[in-house]
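K.L.:
Structure incoming, see below.
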Amino acid sequence: MPKQVDYGSRRRRIAEAVCVLADEQGPEGVSMRDVAARAQVSLGAVQRCFRTKEEMLLFAVEHVGERVTERVRARIAAGPAQSAATALGHATDEVALLREEHRAEARIWLAFVAQAAVSASLAEPLRNSYAALQDLFVRLITEAAASGPGGGAADAFADGPDAVREARTLLALTDGLTGHVLIGHLTAKEAEGVLHAHLAGLWARLGVTGPEAKG
């Protein structure tokens, strides 16, 4: 019988090879031939999964975004009894990619962001990833606000910050801190301090007791 090929697994393997090469030389320096060699598959196998280099890069961008998003969801799911404030703290920690084991992932993500500034097709999956994270932040901020004085989510922002604006601010802050740590302007610990101080200020404005507000 002909050998069955798991194309989903192969595409993910190729995406990992793309990420390694993008980390070494930037997305623009990645070739399908080099990816095949790094993934230890034939060039034909790469071309059967992806018709063009652009299609391959788009999949790799989506792969990185999904990996970060899944890690955020897993961190939240690991503590189902945790407050929305605690969950948001965990989520922002993951998105900022400040830990040493995520440093390569952070370099790859920012390399793709830089390339997307001149590539409309590459920008689209990045926008989708940011939109998904923003929606998650909005939900957690709204839930945290609803748990504070005055109750319900419907009137949680009647006199307080707007959830979408706060989510956008948090997303921009996490992205900025990623870059500052990568170039050595801040240490990971200093960046964590900035992030947690911002969250503490948010909880104070909402009258919510969050883990960051305790420190």
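The way I read the labels, and the way they are meant: chains A, B, ... in the order of the structure tokens, residue 1 as the first residue of every chain, and ligand 1 as the first ligand shown, with later ones counted on from there.
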Could you pull the residues within 7 Å of Val68 (chain A), counting only C-alpha atoms, minus those fewer than 4 positions along the same chain, as a PyMOL selection string?

P.N.:
chain A and resi 64+72+95

K.L.:
Could the residues in this selection be saved with C-alpha atoms as a PDB file, in the first residue's frame?

P.N.:
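Output contents, as saved in out.pdb:
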```
ATOM      1  CA  VAL A  64       3.536  31.156  15.581  1.00  0.00           C
ATOM      2  CA  VAL A  72      -2.349  31.708  26.702  1.00  0.00           C
ATOM      3  CA  VAL A  95       1.913  37.444  25.083  1.00  0.00           C
TER       4      VAL A  95
END
```

K.L.:
Can you pull out every residue within 10 Å of Phe137 (chain A), counting only C-alpha atoms, but drop anything in the same chain fewer than 6 positions away, and send it as a list in words?

P.N.:
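Selected residues are Ala84, Ala87, Leu88, Gly89, Ala91, Thr92, Ala131, Glu143, Ala163, Val164, Glu166, Ala167, Arg168, Leu170 and Leu171 of chain A.
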
K.L.:
Mind giving me the straight-line distance from CA of Ala74 (chain A) to CA of Arg10 (chain A) in Å, one decimal?

P.N.:
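According to the coordinates, CA of Ala74 (chain A) and CA of Arg10 (chain A) are separated by 24.0 Å.
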
K.L.:
List the spatial neighbours of Arg13 (chain A) as a list in words - criterion: any atom at most 8 Å away, only C-alpha atoms, same-chain residues fewer than 4 positions off excluded.

P.N.:
Ser9, Ala17 and Ala39 of chain A

K.L.:
With only C-alpha atoms as the counted atoms, please give the residues lying no more than 10 Å from region 96-99 of chain A, apart from itself and same-chain residues fewer than 4 positions off, as a list in words.

P.N.:
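So the residues in contact are Val68, Ala91, Thr92, Arg103, Ala104, Glu105, Ala106, Arg107, Trp109, Leu170, Leu171, Ala172, Leu173, Thr174, Asp175, Gly176, Leu177, Thr178, Gly179, His180, Val181, Leu182, Thr187, Ala188, Lys189, Ala191, Glu192 and Leu195 of chain A.
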
K.L.:
Write out as number ranges by chain the set of residues from region 49-203 of chain A that DSSP, computed on the backbone, places in helix (DSSP H, G or I).

P.N.:
A: 49, 53-77, 84-96, 100-116, 120-146, 153-155, 163-182, 188-203
